[in-house]
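Student: Just final-v3.pdb, nothing more (PDB, C-alpha atoms, pLDDT in the B column):
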MODEL        1
ATOM      1  CA  MET A   1     -57.535  60.239 -67.664  1.00 40.00           C
ATOM      2  CA  THR A   2     -56.653  62.193 -64.532  1.00 44.00           C
ATOM      3  CA  MET A   3     -53.436  64.185 -64.871  1.00 65.00           C
ATOM      4  CA  SER A   4     -51.025  65.002 -62.061  1.00 87.00           C
ATOM      5  CA  LEU A   5     -52.277  67.265 -59.313  1.00 94.00           C
ATOM      6  CA  ILE A   6     -51.543  70.990 -59.535  1.00 96.00           C
ATOM      7  CA  TYR A   7     -53.037  71.598 -56.120  1.00 97.00           C
ATOM      8  CA  GLN A   8     -53.286  69.208 -53.204  1.00 97.00           C
ATOM      9  CA  TYR A   9     -55.952  69.648 -50.558  1.00 97.00           C
ATOM     10  CA  PRO A  10     -55.156  69.276 -46.877  1.00 96.00           C
ATOM     11  CA  PRO A  11     -56.805  66.214 -45.306  1.00 96.00           C
ATOM     12  CA  LEU A  12     -60.549  66.651 -45.882  1.00 98.00           C
ATOM     13  CA  ILE A  13     -63.514  65.413 -43.859  1.00 98.00           C
ATOM     14  CA  PRO A  14     -66.611  63.919 -45.526  1.00 98.00           C
ATOM     15  CA  GLY A  15     -70.165  64.860 -44.679  1.00 98.00           C
ATOM     16  CA  ARG A  16     -73.601  65.657 -45.983  1.00 98.00           C
ATOM     17  CA  LEU A  17     -75.025  69.134 -46.581  1.00 98.00           C
ATOM     18  CA  ILE A  18     -77.986  70.083 -44.424  1.00 98.00           C
ATOM     19  CA  LYS A  19     -78.546  73.702 -45.435  1.00 98.00           C
ATOM     20  CA  ARG A  20     -76.813  76.890 -46.472  1.00 97.00           C
ATOM     21  CA  TYR A  21     -77.906  80.253 -45.021  1.00 96.00           C
ATOM     22  CA  LYS A  22     -76.830  83.874 -44.520  1.00 95.00           C
ATOM     23  CA  ARG A  23     -74.656  83.412 -47.645  1.00 92.00           C
ATOM     24  CA  PHE A  24     -71.540  82.508 -45.662  1.00 96.00           C
ATOM     25  CA  LEU A  25     -72.786  79.609 -43.513  1.00 98.00           C
ATOM     26  CA  ALA A  26     -73.513  75.950 -44.185  1.00 98.00           C
ATOM     27  CA  ASP A  27     -74.688  73.324 -41.706  1.00 98.00           C
ATOM     28  CA  ILE A  28     -73.135  69.950 -42.473  1.00 98.00           C
ATOM     29  CA  GLU A  29     -73.492  66.560 -40.840  1.00 98.00           C
ATOM     30  CA  LEU A  30     -70.119  64.842 -40.769  1.00 98.00           C
ATOM     31  CA  ASP A  31     -69.863  61.094 -41.306  1.00 97.00           C
ATOM     32  CA  THR A  32     -69.235  60.806 -37.571  1.00 96.00           C
ATOM     33  CA  GLY A  33     -72.740  62.142 -36.933  1.00 98.00           C
ATOM     34  CA  GLU A  34     -71.485  65.489 -35.616  1.00 98.00           C
ATOM     35  CA  ILE A  35     -73.263  68.545 -37.042  1.00 98.00           C
ATOM     36  CA  ILE A  36     -70.954  71.477 -37.734  1.00 98.00           C
ATOM     37  CA  THR A  37     -71.311  74.963 -39.238  1.00 98.00           C
ATOM     38  CA  ALA A  38     -68.809  75.559 -42.029  1.00 98.00           C
ATOM     39  CA  HIS A  39     -67.742  78.715 -43.814  1.00 98.00           C
ATOM     40  CA  CYS A  40     -69.175  78.954 -47.341  1.00 98.00           C
ATOM     41  CA  PRO A  41     -66.734  81.061 -49.407  1.00 96.00           C
ATOM     42  CA  ASN A  42     -69.103  81.247 -52.408  1.00 95.00           C
ATOM     43  CA  THR A  43     -71.476  84.141 -51.745  1.00 89.00           C
ATOM     44  CA  GLY A  44     -73.489  83.713 -54.968  1.00 92.00           C
ATOM     45  CA  PRO A  45     -76.656  81.643 -55.425  1.00 95.00           C
ATOM     46  CA  MET A  46     -74.646  78.488 -56.285  1.00 96.00           C
ATOM     47  CA  THR A  47     -77.296  77.558 -58.841  1.00 95.00           C
ATOM     48  CA  GLY A  48     -77.303  73.823 -59.481  1.00 95.00           C
ATOM     49  CA  VAL A  49     -74.625  73.305 -56.823  1.00 96.00           C
ATOM     50  CA  TYR A  50     -76.486  74.082 -53.608  1.00 97.00           C
ATOM     51  CA  ILE A  51     -78.520  70.910 -53.173  1.00 97.00           C
ATOM     52  CA  PRO A  52     -79.349  69.873 -49.591  1.00 98.00           C
ATOM     53  CA  ASP A  53     -78.418  66.277 -48.709  1.00 98.00           C
ATOM     54  CA  SER A  54     -75.519  66.287 -51.206  1.00 98.00           C
ATOM     55  CA  LEU A  55     -72.236  64.674 -50.268  1.00 98.00           C
ATOM     56  CA  VAL A  56     -69.585  67.274 -49.390  1.00 98.00           C
ATOM     57  CA  TRP A  57     -66.023  67.534 -48.156  1.00 98.00           C
ATOM     58  CA  VAL A  58     -64.795  70.144 -45.685  1.00 98.00           C
ATOM     59  CA  SER A  59     -61.388  71.243 -44.469  1.00 98.00           C
ATOM     60  CA  LYS A  60     -60.583  72.125 -40.871  1.00 98.00           C
ATOM     61  CA  SER A  61     -58.276  74.924 -39.795  1.00 96.00           C
ATOM     62  CA  ASP A  62     -56.254  74.894 -36.589  1.00 95.00           C
ATOM     63  CA  ASN A  63     -56.174  78.703 -36.498  1.00 94.00           C
ATOM     64  CA  PRO A  64     -57.717  79.679 -33.136  1.00 93.00           C
ATOM     65  CA  LYS A  65     -58.568  83.172 -34.439  1.00 93.00           C
ATOM     66  CA  ARG A  66     -61.043  81.848 -37.020  1.00 94.00           C
ATOM     67  CA  LYS A  67     -64.714  82.092 -36.103  1.00 95.00           C
ATOM     68  CA  LEU A  68     -65.450  78.919 -38.067  1.00 97.00           C
ATOM     69  CA  ALA A  69     -62.873  76.142 -38.125  1.00 97.00           C
ATOM     70  CA  TYR A  70     -64.433  74.332 -41.092  1.00 98.00           C
ATOM     71  CA  THR A  71     -64.593  75.400 -44.761  1.00 98.00           C
ATOM     72  CA  TRP A  72     -66.907  73.844 -47.350  1.00 98.00           C
ATOM     73  CA  GLU A  73     -64.518  72.792 -50.133  1.00 98.00           C
ATOM     74  CA  MET A  74     -66.581  70.769 -52.630  1.00 98.00           C
ATOM     75  CA  THR A  75     -69.908  69.099 -53.253  1.00 98.00           C
ATOM     76  CA  GLN A  76     -70.900  66.074 -55.325  1.00 98.00           C
ATOM     77  CA  ILE A  77     -73.375  66.670 -58.147  1.00 97.00           C
ATOM     78  CA  ASP A  78     -74.367  63.660 -60.278  1.00 94.00           C
ATOM     79  CA  SER A  79     -71.154  61.808 -59.302  1.00 95.00           C
ATOM     80  CA  THR A  80     -68.980  64.831 -60.186  1.00 98.00           C
ATOM     81  CA  TRP A  81     -67.130  66.836 -57.555  1.00 98.00           C
ATOM     82  CA  VAL A  82     -67.633  70.592 -57.912  1.00 98.00           C
ATOM     83  CA  GLY A  83     -65.385  73.097 -56.134  1.00 98.00           C
ATOM     84  CA  THR A  84     -67.247  75.424 -53.770  1.00 97.00           C
ATOM     85  CA  ASN A  85     -64.314  77.303 -52.223  1.00 98.00           C
ATOM     86  CA  THR A  86     -63.959  80.390 -54.427  1.00 96.00           C
ATOM     87  CA  ALA A  87     -60.514  81.176 -52.971  1.00 96.00           C
ATOM     88  CA  ILE A  88     -59.014  78.048 -54.541  1.00 98.00           C
ATOM     89  CA  PRO A  89     -59.134  78.873 -58.310  1.00 98.00           C
ATOM     90  CA  ASN A  90     -56.749  81.829 -58.008  1.00 98.00           C
ATOM     91  CA  ARG A  91     -54.315  79.705 -55.981  1.00 97.00           C
ATOM     92  CA  VAL A  92     -54.434  76.965 -58.601  1.00 98.00           C
ATOM     93  CA  VAL A  93     -54.047  79.397 -61.512  1.00 98.00           C
ATOM     94  CA  LYS A  94     -51.052  81.037 -59.835  1.00 98.00           C
ATOM     95  CA  LEU A  95     -49.365  77.648 -59.410  1.00 97.00           C
ATOM     96  CA  ALA A  96     -50.154  76.746 -63.029  1.00 97.00           C
ATOM     97  CA  LEU A  97     -48.824  80.080 -64.312  1.00 97.00           C
ATOM     98  CA  GLU A  98     -45.626  79.712 -62.311  1.00 97.00           C
ATOM     99  CA  GLN A  99     -45.169  76.226 -63.809  1.00 96.00           C
ATOM    100  CA  LYS A 100     -46.211  77.490 -67.291  1.00 96.00           C
ATOM    101  CA  LEU A 101     -48.811  74.751 -67.647  1.00 96.00           C
ATOM    102  CA  PHE A 102     -51.126  76.692 -69.973  1.00 97.00           C
ATOM    103  CA  PRO A 103     -49.826  76.286 -73.568  1.00 96.00           C
ATOM    104  CA  GLU A 104     -51.700  79.357 -74.833  1.00 97.00           C
ATOM    105  CA  LEU A 105     -49.750  81.575 -72.405  1.00 97.00           C
ATOM    106  CA  ALA A 106     -46.546  79.701 -71.581  1.00 94.00           C
ATOM    107  CA  ASN A 107     -44.159  81.435 -73.995  1.00 93.00           C
ATOM    108  CA  ARG A 108     -45.486  84.932 -73.442  1.00 94.00           C
ATOM    109  CA  TYR A 109     -44.240  85.867 -69.961  1.00 96.00           C
ATOM    110  CA  ASN A 110     -41.510  85.318 -67.385  1.00 95.00           C
ATOM    111  CA  LYS A 111     -42.947  87.173 -64.413  1.00 96.00           C
ATOM    112  CA  VAL A 112     -46.244  86.680 -62.570  1.00 97.00           C
ATOM    113  CA  ARG A 113     -47.659  89.345 -60.269  1.00 97.00           C
ATOM    114  CA  SER A 114     -50.930  89.167 -58.331  1.00 97.00           C
ATOM    115  CA  GLU A 115     -53.556  91.772 -57.459  1.00 96.00           C
ATOM    116  CA  VAL A 116     -52.097  94.603 -59.550  1.00 95.00           C
ATOM    117  CA  PRO A 117     -53.988  97.952 -59.571  1.00 94.00           C
ATOM    118  CA  TYR A 118     -55.431  98.944 -62.958  1.00 92.00           C
ATOM    119  CA  GLY A 119     -58.516 100.398 -64.590  1.00 81.00           C
ATOM    120  CA  LYS A 120     -60.069 103.799 -64.105  1.00 76.00           C
ATOM    121  CA  ASP A 121     -58.074 105.756 -61.489  1.00 78.00           C
ATOM    122  CA  LYS A 122     -56.351 102.448 -60.618  1.00 83.00           C
ATOM    123  CA  LYS A 123     -59.255 101.599 -58.327  1.00 83.00           C
ATOM    124  CA  SER A 124     -59.534  97.993 -59.518  1.00 90.00           C
ATOM    125  CA  ARG A 125     -57.111  95.105 -59.182  1.00 94.00           C
ATOM    126  CA  VAL A 126     -56.493  92.517 -61.870  1.00 96.00           C
ATOM    127  CA  ASP A 127     -55.943  88.975 -60.611  1.00 97.00           C
ATOM    128  CA  PHE A 128     -52.635  88.519 -62.456  1.00 98.00           C
ATOM    129  CA  LEU A 129     -50.270  90.646 -64.511  1.00 97.00           C
ATOM    130  CA  LEU A 130     -47.943  88.606 -66.704  1.00 97.00           C
ATOM    131  CA  SER A 131     -44.903  90.239 -68.228  1.00 96.00           C
ATOM    132  CA  GLY A 132     -41.560  89.617 -69.904  1.00 92.00           C
ATOM    133  CA  ASP A 133     -38.250  90.436 -68.294  1.00 85.00           C
ATOM    134  CA  ASP A 134     -38.346  94.007 -69.622  1.00 83.00           C
ATOM    135  CA  ASP A 135     -42.007  94.563 -68.620  1.00 77.00           C
ATOM    136  CA  ARG A 136     -42.873  95.882 -72.092  1.00 79.00           C
ATOM    137  CA  GLU A 137     -45.025  92.909 -73.068  1.00 87.00           C
ATOM    138  CA  GLN A 138     -47.820  92.681 -70.510  1.00 95.00           C
ATOM    139  CA  ILE A 139     -50.915  90.497 -70.220  1.00 97.00           C
ATOM    140  CA  TYR A 140     -53.724  91.404 -67.821  1.00 97.00           C
ATOM    141  CA  LEU A 141     -55.501  88.239 -66.693  1.00 98.00           C
ATOM    142  CA  GLU A 142     -58.741  87.909 -64.739  1.00 98.00           C
ATOM    143  CA  VAL A 143     -59.994  84.589 -63.269  1.00 98.00           C
ATOM    144  CA  LYS A 144     -63.622  83.537 -62.819  1.00 98.00           C
ATOM    145  CA  SER A 145     -64.751  80.323 -61.140  1.00 98.00           C
ATOM    146  CA  VAL A 146     -67.412  78.440 -63.132  1.00 98.00           C
ATOM    147  CA  THR A 147     -69.716  75.924 -61.408  1.00 98.00           C
ATOM    148  CA  LEU A 148     -73.010  76.190 -63.322  1.00 98.00           C
ATOM    149  CA  SER A 149     -73.585  73.602 -66.047  1.00 98.00           C
ATOM    150  CA  LYS A 150     -76.165  72.207 -68.445  1.00 97.00           C
ATOM    151  CA  GLY A 151     -75.018  68.733 -69.400  1.00 96.00           C
ATOM    152  CA  ASN A 152     -71.410  69.048 -70.531  1.00 98.00           C
ATOM    153  CA  LEU A 153     -71.716  72.817 -71.086  1.00 98.00           C
ATOM    154  CA  ALA A 154     -70.203  75.060 -68.408  1.00 98.00           C
ATOM    155  CA  LEU A 155     -71.869  78.453 -68.020  1.00 98.00           C
ATOM    156  CA  PHE A 156     -70.914  81.744 -66.358  1.00 98.00           C
ATOM    157  CA  PRO A 157     -72.347  83.580 -64.507  1.00 98.00           C
ATOM    158  CA  ASP A 158     -75.070  81.821 -62.503  1.00 97.00           C
ATOM    159  CA  THR A 159     -76.840  85.108 -61.708  1.00 96.00           C
ATOM    160  CA  VAL A 160     -76.686  88.775 -62.706  1.00 97.00           C
ATOM    161  CA  THR A 161     -73.211  89.996 -61.764  1.00 96.00           C
ATOM    162  CA  THR A 162     -72.571  93.738 -61.879  1.00 96.00           C
ATOM    163  CA  ARG A 163     -69.084  93.089 -60.508  1.00 94.00           C
ATOM    164  CA  GLY A 164     -68.376  90.620 -63.306  1.00 96.00           C
ATOM    165  CA  GLN A 165     -69.722  93.089 -65.877  1.00 97.00           C
ATOM    166  CA  LYS A 166     -67.370  95.744 -64.491  1.00 94.00           C
ATOM    167  CA  HIS A 167     -64.363  93.420 -64.714  1.00 94.00           C
ATOM    168  CA  LEU A 168     -65.205  92.554 -68.317  1.00 96.00           C
ATOM    169  CA  GLN A 169     -65.585  96.190 -69.278  1.00 96.00           C
ATOM    170  CA  GLU A 170     -62.292  97.162 -67.671  1.00 95.00           C
ATOM    171  CA  LEU A 171     -60.432  94.351 -69.433  1.00 96.00           C
ATOM    172  CA  THR A 172     -62.031  95.248 -72.758  1.00 97.00           C
ATOM    173  CA  ASP A 173     -60.967  98.866 -72.296  1.00 96.00           C
ATOM    174  CA  LEU A 174     -57.331  97.689 -72.331  1.00 95.00           C
ATOM    175  CA  VAL A 175     -57.482  96.095 -75.789  1.00 95.00           C
ATOM    176  CA  PRO A 176     -56.212  96.280 -78.477  1.00 93.00           C
ATOM    177  CA  ASP A 177     -53.366  98.415 -77.074  1.00 93.00           C
ATOM    178  CA  THR A 178     -52.695  95.956 -74.253  1.00 95.00           C
ATOM    179  CA  LYS A 179     -53.282  92.208 -74.151  1.00 96.00           C
ATOM    180  CA  ALA A 180     -56.051  91.062 -71.823  1.00 98.00           C
ATOM    181  CA  VAL A 181     -57.293  87.584 -70.963  1.00 98.00           C
ATOM    182  CA  MET A 182     -60.434  86.307 -69.273  1.00 98.00           C
ATOM    183  CA  LEU A 183     -59.653  82.891 -67.808  1.00 98.00           C
ATOM    184  CA  TYR A 184     -62.696  80.831 -66.869  1.00 98.00           C
ATOM    185  CA  PHE A 185     -61.790  78.205 -64.275  1.00 98.00           C
ATOM    186  CA  ILE A 186     -64.270  75.382 -64.912  1.00 98.00           C
ATOM    187  CA  ASN A 187     -64.512  74.064 -61.386  1.00 98.00           C
ATOM    188  CA  ARG A 188     -65.760  70.593 -62.321  1.00 98.00           C
ATOM    189  CA  GLY A 189     -64.443  67.836 -64.566  1.00 97.00           C
ATOM    190  CA  ASP A 190     -67.612  66.939 -66.480  1.00 98.00           C
ATOM    191  CA  CYS A 191     -67.768  69.884 -68.901  1.00 98.00           C
ATOM    192  CA  ASP A 192     -65.848  70.179 -72.175  1.00 98.00           C
ATOM    193  CA  ARG A 193     -67.663  73.244 -73.564  1.00 98.00           C
ATOM    194  CA  PHE A 194     -68.114  76.748 -72.181  1.00 98.00           C
ATOM    195  CA  ALA A 195     -70.435  79.664 -72.960  1.00 98.00           C
ATOM    196  CA  PRO A 196     -71.583  82.881 -71.295  1.00 98.00           C
ATOM    197  CA  SER A 197     -74.860  82.295 -69.484  1.00 98.00           C
ATOM    198  CA  ASP A 198     -77.137  84.633 -71.427  1.00 98.00           C
ATOM    199  CA  SER A 199     -80.171  83.192 -69.625  1.00 97.00           C
ATOM    200  CA  CYS A 200     -78.749  84.333 -66.274  1.00 97.00           C
ATOM    201  CA  ASP A 201     -77.146  87.639 -67.319  1.00 98.00           C
ATOM    202  CA  ARG A 202     -77.750  88.778 -70.895  1.00 98.00           C
ATOM    203  CA  LEU A 203     -75.665  91.923 -70.481  1.00 98.00           C
ATOM    204  CA  TYR A 204     -72.653  89.891 -69.349  1.00 98.00           C
ATOM    205  CA  GLY A 205     -72.905  87.784 -72.502  1.00 98.00           C
ATOM    206  CA  GLU A 206     -73.132  90.895 -74.663  1.00 98.00           C
ATOM    207  CA  LEU A 207     -70.095  92.443 -72.941  1.00 98.00           C
ATOM    208  CA  LEU A 208     -68.086  89.257 -73.416  1.00 98.00           C
ATOM    209  CA  ARG A 209     -68.892  89.094 -77.132  1.00 98.00           C
ATOM    210  CA  LYS A 210     -68.010  92.779 -77.464  1.00 98.00           C
ATOM    211  CA  GLY A 211     -64.706  92.152 -75.707  1.00 98.00           C
ATOM    212  CA  VAL A 212     -63.856  89.222 -77.980  1.00 98.00           C
ATOM    213  CA  SER A 213     -64.613  91.329 -81.083  1.00 98.00           C
ATOM    214  CA  LYS A 214     -62.116  93.927 -79.849  1.00 97.00           C
ATOM    215  CA  GLY A 215     -59.374  91.428 -79.061  1.00 97.00           C
ATOM    216  CA  LEU A 216     -60.065  90.129 -75.550  1.00 98.00           C
ATOM    217  CA  GLU A 217     -58.770  86.563 -75.239  1.00 98.00           C
ATOM    218  CA  VAL A 218     -61.047  83.975 -73.623  1.00 98.00           C
ATOM    219  CA  LEU A 219     -59.487  80.857 -72.112  1.00 98.00           C
ATOM    220  CA  PRO A 220     -62.010  78.426 -70.609  1.00 98.00           C
ATOM    221  CA  TYR A 221     -59.833  75.918 -68.779  1.00 98.00           C
ATOM    222  CA  ARG A 222     -61.069  72.575 -67.480  1.00 98.00           C
ATOM    223  CA  PHE A 223     -60.151  71.189 -64.075  1.00 98.00           C
ATOM    224  CA  GLU A 224     -60.962  67.960 -62.308  1.00 98.00           C
ATOM    225  CA  ILE A 225     -61.802  68.305 -58.619  1.00 98.00           C
ATOM    226  CA  THR A 226     -61.281  65.370 -56.243  1.00 97.00           C
ATOM    227  CA  PRO A 227     -60.879  65.144 -52.455  1.00 97.00           C
ATOM    228  CA  GLU A 228     -57.153  64.587 -53.094  1.00 97.00           C
ATOM    229  CA  GLY A 229     -56.620  67.682 -55.205  1.00 98.00           C
ATOM    230  CA  ILE A 230     -57.098  69.502 -58.515  1.00 98.00           C
ATOM    231  CA  SER A 231     -55.822  68.479 -61.956  1.00 97.00           C
ATOM    232  CA  TYR A 232     -55.667  70.505 -65.181  1.00 97.00           C
ATOM    233  CA  LEU A 233     -57.550  68.855 -68.063  1.00 97.00           C
ATOM    234  CA  GLY A 234     -56.962  71.311 -70.923  1.00 97.00           C
ATOM    235  CA  MET A 235     -59.113  73.875 -72.667  1.00 97.00           C
ATOM    236  CA  ALA A 236     -62.851  73.604 -73.244  1.00 98.00           C
ATOM    237  CA  GLU A 237     -64.535  74.554 -76.517  1.00 98.00           C
ATOM    238  CA  PHE A 238     -65.639  78.200 -76.362  1.00 98.00           C
ATOM    239  CA  LEU A 239     -69.136  79.042 -77.569  1.00 98.00           C
ATOM    240  CA  GLN A 240     -69.776  82.777 -77.752  1.00 97.00           C
ATOM    241  CA  SER A 241     -73.493  82.393 -77.004  1.00 97.00           C
ATOM    242  CA  GLU A 242     -75.486  80.022 -74.850  1.00 97.00           C
ATOM    243  CA  PRO A 243     -77.140  77.459 -77.177  1.00 94.00           C
TER     244      PRO A 243
ENDMDL
END
Could you quickly redo this structure as structure tokens?
Tutor:
Amino acid sequence: MTMSLIYQYPPLIPGRLIKRYKRFLADIELDTGEIITAHCPNTGPMTGVYIPDSLVWVSKSDNPKRKLAYTWEMTQIDSTWVGTNTAIPNRVVKLALEQKLFPELANRYNKVRSEVPYGKDKKSRVDFLLSGDDDREQIYLEVKSVTLSKGNLALFPDTVTTRGQKHLQELTDLVPDTKAVMLYFINRGDCDRFAPSDSCDRLYGELLRKGVSKGLEVLPYRFEITPEGISYLGMAEFLQSEP
């Protein structure tokens, strides 16, 4: 059953994917027959998600300073909508945190801050820092968008990610002295299990298991994506290794 929307999309325009190229660009034929070039925010390989001729939805910006007015927001894979705009998960998580929608975290903070410097020499930024009124109890929280799946199993990452490995290591370095959370935003509604994708990045899987053994919390949260908006579906089952 679809729950109430956390995030509502602006009016979207339907089309069909022609091709993606130069990482940031996607040619799309709109239902009107017009062919447009849209911005593709996901710079990764989009394994299992980039399928030419798939149905897609795009948004259009009125900002005259943008080079590309359109943004590729989602694509349909086997009747399931999958989010392709990697800027959206952090927006949704921020809204959910402000509304205290995640039961595992709700009673543990009163303040939410974004993009807070941390790590070695403070050269990294954590997506969210949650804290109580006195700032003594702090939770460092990183968000990763998950689009790869095998059946009902969501997997991350979809390729070797040195950046993701670095984020995991920095979060793990905080525990057990400080609480740290890796939140996996499952950007599709057809998965109820989650695991690290050892077949794509074995080291990432090893780092995640090491982090968990030291006290890193893993929260794989499920979301349903529709052209109207995004709903929170609860937590997926966490498998520490890819079956």
Student: Provide the CA of Thr147 in chain A to CA of Gln165 in chain A distance in Å, to one decimal place.
Tutor: 17.7 Å
Student: Under the rule of at most 7 Å, produce a per-residue listing of range 134-177 of chain A near range 210-223 of chain A: chain, number, name, the closest pair of atoms, and the distance in Å, as CSV, using only C-alpha atoms.
Tutor:
residue,atom,partner,partner_atom,distance
A:Thr172,CA,A:Gly211,CA,5.0
A:Val175,CA,A:Gly215,CA,6.0
A:Pro176,CA,A:Gly215,CA,5.8
Student: Restricted to C-alpha atoms, what would the selected residues look like written as a short mmCIF file (atom, residue, chain, number, x, y, z; two decimals), in the coordinates of the input?
Tutor:
data_model
loop_
_atom_site.label_atom_id
_atom_site.label_comp_id
_atom_site.auth_asym_id
_atom_site.auth_seq_id
_atom_site.Cartn_x
_atom_site.Cartn_y
_atom_site.Cartn_z
CA THR A 172 -62.03 95.25 -72.76
CA VAL A 175 -57.48 96.10 -75.79
CA PRO A 176 -56.21 96.28 -78.48
#
Student: Compile the contact shell of Cys191 in chain A as a ChimeraX atom specification: residues with an atom at most 6 Å away, counting only C-alpha atoms, same-chain residues fewer than 2 positions apart removed.
Tutor: /A:152-154,189,193
Student: How many Å lie between CA of Thr71 in chain A and CA of Asp190 in chain A, rounded to one decimal?
Tutor: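 CA of Asp190 in chain A lies at a distance of 23.5 Å from CA of Thr71 in chain A.
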Student: Nearest residue to Phe194 in chain A out of A:Lys111, A:Lys150, A:Lys94, A:Arg23, using all atoms listed in the file?
Tutor: A:Lys150
Student: Quick one: residues within 10 Å of Gly15 in chain A, only C-alpha atoms, excluding same-chain residues fewer than 4 positions away - as a list in words?
Tutor: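 Using only C-alpha atoms, the neighbours found are Ile28, Glu29, Leu30, Asp31, Thr32, Gly33, Glu34, Ile35, Ile36, Asp53, Ser54, Leu55, Val56, Trp57, Val58, Trp72 and Thr75 of chain A.
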Student: Report as a PyMOL selection string the full result of the PyMOL selection byres ((chain A and resi 132-142) around 8) when it is applied to this structure.
Tutor: chain A and resi 108-111+126-131+143-144+167+171+178-183
Student: Please dump the current selection as a PDB file, in the coordinates of the input; keep C-alpha atoms.
Tutor:
ATOM      1  CA  ARG A 108     -45.486  84.932 -73.442  1.00 94.00           C
ATOM      2  CA  TYR A 109     -44.240  85.867 -69.961  1.00 96.00           C
ATOM      3  CA  ASN A 110     -41.510  85.318 -67.385  1.00 95.00           C
ATOM      4  CA  LYS A 111     -42.947  87.173 -64.413  1.00 96.00           C
ATOM      5  CA  VAL A 126     -56.493  92.517 -61.870  1.00 96.00           C
ATOM      6  CA  ASP A 127     -55.943  88.975 -60.611  1.00 97.00           C
ATOM      7  CA  PHE A 128     -52.635  88.519 -62.456  1.00 98.00           C
ATOM      8  CA  LEU A 129     -50.270  90.646 -64.511  1.00 97.00           C
ATOM      9  CA  LEU A 130     -47.943  88.606 -66.704  1.00 97.00           C
ATOM     10  CA  SER A 131     -44.903  90.239 -68.228  1.00 96.00           C
ATOM     11  CA  VAL A 143     -59.994  84.589 -63.269  1.00 98.00           C
ATOM     12  CA  LYS A 144     -63.622  83.537 -62.819  1.00 98.00           C
ATOM     13  CA  HIS A 167     -64.363  93.420 -64.714  1.00 94.00           C
ATOM     14  CA  LEU A 171     -60.432  94.351 -69.433  1.00 96.00           C
ATOM     15  CA  THR A 178     -52.695  95.956 -74.253  1.00 95.00           C
ATOM     16  CA  LYS A 179     -53.282  92.208 -74.151  1.00 96.00           C
ATOM     17  CA  ALA A 180     -56.051  91.062 -71.823  1.00 98.00           C
ATOM     18  CA  VAL A 181     -57.293  87.584 -70.963  1.00 98.00           C
ATOM     19  CA  MET A 182     -60.434  86.307 -69.273  1.00 98.00           C
ATOM     20  CA  LEU A 183     -59.653  82.891 -67.808  1.00 98.00           C
TER      21      LEU A 183
END
Student: Figure out the distance between CA of Phe24 in chain A and CA of Met46 in chain A, please, to one decimal in Å.
Tutor: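 Going from CA of Met46 in chain A over to CA of Phe24 in chain A, I get 11.8 Å.
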Student: Specify as a list in words each residue included when the PyMOL selection byres ((chain A and resi 86) around 10) is applied to this file.
Tutor: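 Selected by the PyMOL selection byres ((chain A and resi 86) around 10) here: Cys40, Pro41, Asn42, Thr43, Glu73, Gly83, Thr84, Asn85, Ala87, Ile88, Pro89, Asn90, Arg91, Lys144, Ser145, Val146 and Asn187 of chain A.
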Student: Determine the residue set returned by the PyMOL selection byres ((chain A and resi 197) around 10) for the present structure, and present it as a PyMOL selection string.
Tutor: chain A and resi 148-149+154-160+194-196+198-205+240-243
Student: When distances are computed from all atoms listed in the file, which of A:Asn63, A:Asp173, A:Glu98, A:Ala236 shows the smallest separation from Ser114 in chain A?
Tutor: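 With all atoms listed in the file as the atom set, the closest residue is A:Glu98.
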Student: Taking 6 positions as the minimum chain separation for residues in the same chain, which residues sit within 6 Å of Ile230 in chain A when counting all atoms listed in the file? Answer as a ChimeraX atom specification.
Tutor: /A:5-7,224
Student: For the selection just defined, write its residues with C-alpha atoms to a file, as a CSV table (one decimal), in the coordinates of the input.
Tutor:
chain,number,residue,atom,x,y,z
A,5,LEU,CA,-52.3,67.3,-59.3
A,6,ILE,CA,-51.5,71.0,-59.5
A,7,TYR,CA,-53.0,71.6,-56.1
A,224,GLU,CA,-61.0,68.0,-62.3
Student: Residues near Glu228 in chain A, anyone? I mean within 8 Å using all atoms listed in the file, not counting same-chain ones fewer than 2 positions away, as number ranges by chain.
Tutor: A: 8-9, 11, 226, 230
Student: Can you work out which one of A:Ile186, A:Leu12, A:Leu207, A:Leu17 has the shortest atom-to-atom distance to Gly229 in chain A, counting all atoms listed in the file?
Tutor: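 Smallest distance to Gly229 in chain A is found for A:Leu12.
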Student: Determine the nearest neighbour of Phe102 in chain A from the options A:Tyr232, A:Phe238, A:Tyr184, A:Tyr50, counting all atoms listed in the file.
Tutor: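 Residue with the minimum atom-to-atom distance to Phe102 in chain A: A:Tyr232.
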Student: Could you write out as lines of an AutoDock Vina configuration file the box around range 223-233 of chain A (axis-aligned, all atoms listed in the file, 5 Å on each side), with centre and edge lengths in Å to one decimal?
Tutor:
center_x = -58.7
center_y = 67.9
center_z = -60.3
size_x = 16.1
size_y = 16.6
size_z = 25.6
Student: So which residues fall inside 7 Å of (-76.1, 67.5, -56.2) if we count all atoms listed in the file? Mind giving them as number ranges by chain?
Tutor: A: 49, 51, 54, 76-78
Student: Could you take the residues named above and write them with C-alpha atoms, as a short mmCIF file (atom, residue, chain, number, x, y, z; two decimals), in the coordinates of the input?
Tutor:
data_model
loop_
_atom_site.label_atom_id
_atom_site.label_comp_id
_atom_site.auth_asym_id
_atom_site.auth_seq_id
_atom_site.Cartn_x
_atom_site.Cartn_y
_atom_site.Cartn_z
CA VAL A 49 -74.62 73.31 -56.82
CA ILE A 51 -78.52 70.91 -53.17
CA SER A 54 -75.52 66.29 -51.21
CA GLN A 76 -70.90 66.07 -55.32
CA ILE A 77 -73.38 66.67 -58.15
CA ASP A 78 -74.37 63.66 -60.28
#
